[in-house]
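Here's the structure we're looking at; comments come further down.
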Amino acid sequence: MQQARRSTRLASLPTIDYYAKHTYEKTATRVVKRTKKHAATVPAKSKKLSKNNKQSQDHHRTNQVLETGPTAMVEGVVVRTFDMDEAVRHLRKVDPQLGQFMTDKEIANFVQRVQNADSSNPFRELATSIIYQQIGGNVAKILGERFVKLFDPPKDHPARWFPTPEMVWAKPVETLKTAGLSTRKAEYIRGLAEKFINKTITMELLSTLSDEELSKLLCSVRGIGPWTVDMYLMLNLGHPDILPVTDLGVRKGVALHFGLKGKLPTPKQMQELTEHWRPYRSVGSWFMWKKVDVETWADA
């Protein structure tokens, strides 16, 4: 049996090797990365590093400028790394046609989109994904704001403040519906909160499980399906080898790229056609969106 692959994240993020639940200090540190080709501002979390990890960061190819500021005590999912330059080289080698489409500008856009992702509050991200399902972005944003207001946010709360699972579980479905949510979505969000409360979903699991194991865990939550999981792994956790086989934009891009005339590929066909992109199918998928000029959650 093939061993489950553990995902990594962009190498231009801080390389910190801690596969366990962890709580960050009350000072938020923003690490401004400068590489040879790309520049991006990366949210990072302050944490004491072991001697080996400090040495690992010392040998990193990028320069770091640290800025600190106050923030609430938060927990975050572990940062995992992969080498974006290696991903680009691999895809250009195995798929020259794709390589011609991979401009420096779009590579930089992908790097920045993943580096700017916030993994500090998975309950917020997953609950928000449920709110956004099957409605337009502007409407979903309004409903999300109304949802947060139900919980009387602190006066000077952070921009992305979100209620805890316990706070959400304490509200009945009928109260959640006053934010404009359907009965089903309100039930889904309360169900998600219960999974966090009873430790079915934990920071440690989100940090250590393989892609396949994470997908199975998250899809066990009512209201969360393969597409939501793929977007979360790809764009929030920065996993490099995600192929969203149910995403219409990616399917259209694959059909165009591989010359499938008049039909969209099945999930099995997509797996077969993009096998040579492994282990960087997230990057290839990004360019499938761009190939058909589709704006998705990836552009949020």
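Chains: A, B, ... in order of the structure tokens. Residues: from 1 per chain. Ligands: from 1, in order shown.
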Item to check | Near-segment 86-89 of chain A list (9 Å; only C-alpha atoms; drop same-chain fewer than 2 positions) as a PyMOL selection string | outcome: chain A and resi 82-84+91-94+99+102+107+240+279-280+283
Checklist entry - Tell me, which residues of segment 56-245 of chain A carry DSSP alpha helix (DSSP H), written as a count of residues only? => result 102
Next on the checklist: If you run DSSP on the backbone here, which positions in segment 65-288 of chain A get strand (DSSP E or B)? Please write them as a PyMOL selection string.
Outcome noted: chain A and resi 65-70+75+82
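With only C-alpha atoms as the atoms that count, the residue of A:Lys141, A:Arg160, A:Arg113, A:Lys290 with the shortest distance to Gly238 of chain A is A:Arg113.
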Checklist outcome for this item: With distances taken over only C-alpha atoms, the candidate from A:Lys268, A:Lys291, A:Arg146, A:Lys263 nearest Leu243 of chain A is A:Lys268
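Pairwise distance (atom CA of Ala186 of chain A, atom CA of Leu237 of chain A) equals 25.0 Å.
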Next on the checklist: I'd like the interatomic distance between atom CA of Tyr132 of chain A and atom CA of Lys185 of chain A, to a tenth of an Å.
Outcome noted: 9.8 Å
Determine, using only C-alpha atoms, which residues of segment 124-154 of chain A have any atom at most 10 Å from an atom of segment 187-204 of chain A, and tabulate each with its shortest atom pair and distance in Å to one decimal place, rows ordered by chain and then rising number, as a Markdown table.
```
| residue | atom | partner | partner_atom | distance |
| --- | --- | --- | --- | --- |
| A:Arg124 | CA | A:Ala193 | CA | 9.8 |
| A:Leu126 | CA | A:Leu192 | CA | 8.2 |
| A:Ala127 | CA | A:Ile189 | CA | 5.8 |
| A:Thr128 | CA | A:Ile189 | CA | 8.9 |
| A:Ser129 | CA | A:Ile189 | CA | 9.8 |
| A:Ile130 | CA | A:Ile189 | CA | 7.2 |
| A:Ile131 | CA | A:Ile189 | CA | 8.4 |
```
Include N, CA, C and O atoms and write out the residues we just selected as a PDB file, in the first residue's frame.
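part.pdb was written with the following content:
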```pdb
ATOM      1  N   ARG A 124     -13.155  29.447  11.785  1.00  0.00           N
ATOM      2  CA  ARG A 124     -13.645  30.625  11.053  1.00  0.00           C
ATOM      3  C   ARG A 124     -13.653  30.363   9.556  1.00  0.00           C
ATOM      4  O   ARG A 124     -14.650  30.650   8.869  1.00  0.00           O
ATOM      5  N   LEU A 126     -13.647  27.519   7.828  1.00  0.00           N
ATOM      6  CA  LEU A 126     -14.581  26.486   7.386  1.00  0.00           C
ATOM      7  C   LEU A 126     -16.029  26.944   7.542  1.00  0.00           C
ATOM      8  O   LEU A 126     -16.875  26.675   6.677  1.00  0.00           O
ATOM      9  N   ALA A 127     -16.328  27.643   8.631  1.00  0.00           N
ATOM     10  CA  ALA A 127     -17.689  28.172   8.812  1.00  0.00           C
ATOM     11  C   ALA A 127     -18.010  29.202   7.732  1.00  0.00           C
ATOM     12  O   ALA A 127     -19.125  29.226   7.183  1.00  0.00           O
ATOM     13  N   THR A 128     -17.038  30.037   7.413  1.00  0.00           N
ATOM     14  CA  THR A 128     -17.235  31.044   6.367  1.00  0.00           C
ATOM     15  C   THR A 128     -17.484  30.373   5.020  1.00  0.00           C
ATOM     16  O   THR A 128     -18.302  30.839   4.218  1.00  0.00           O
ATOM     17  N   SER A 129     -16.778  29.277   4.763  1.00  0.00           N
ATOM     18  CA  SER A 129     -16.984  28.569   3.492  1.00  0.00           C
ATOM     19  C   SER A 129     -18.414  28.046   3.385  1.00  0.00           C
ATOM     20  O   SER A 129     -18.990  28.018   2.295  1.00  0.00           O
ATOM     21  N   ILE A 130     -19.006  27.642   4.509  1.00  0.00           N
ATOM     22  CA  ILE A 130     -20.400  27.189   4.499  1.00  0.00           C
ATOM     23  C   ILE A 130     -21.333  28.364   4.202  1.00  0.00           C
ATOM     24  O   ILE A 130     -22.270  28.243   3.405  1.00  0.00           O
ATOM     25  N   ILE A 131     -21.063  29.507   4.811  1.00  0.00           N
ATOM     26  CA  ILE A 131     -21.890  30.696   4.568  1.00  0.00           C
ATOM     27  C   ILE A 131     -21.859  31.072   3.090  1.00  0.00           C
ATOM     28  O   ILE A 131     -22.880  31.472   2.503  1.00  0.00           O
TER      29      ILE A 131
END
```
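Counting only C-alpha atoms and comparing A:Asp241, A:Asp247, A:Asp156, A:Asp85, the residue that lies closest to Gly225 of chain A is A:Asp247.
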Checklist entry - Between atom CA of Val250 of chain A and atom CA of Gln134 of chain A, what is the spacing in Å? => result 17.5 Å
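Residue neighbourhood of Val148 of chain A, excluding near-sequence residues (fewer than 6 positions): A:Arg124, A:Ala127, A:Thr128, A:Ile131, A:Lys141, A:Ile142, A:Pro154, A:His157, A:Ala159, A:Arg160, A:Trp161, A:Phe162, A:Pro163, A:Thr164, A:Met167, A:Val168, A:Leu176, A:Thr178, A:Ala179, A:Gly180, at 12 Å, using only C-alpha atoms.
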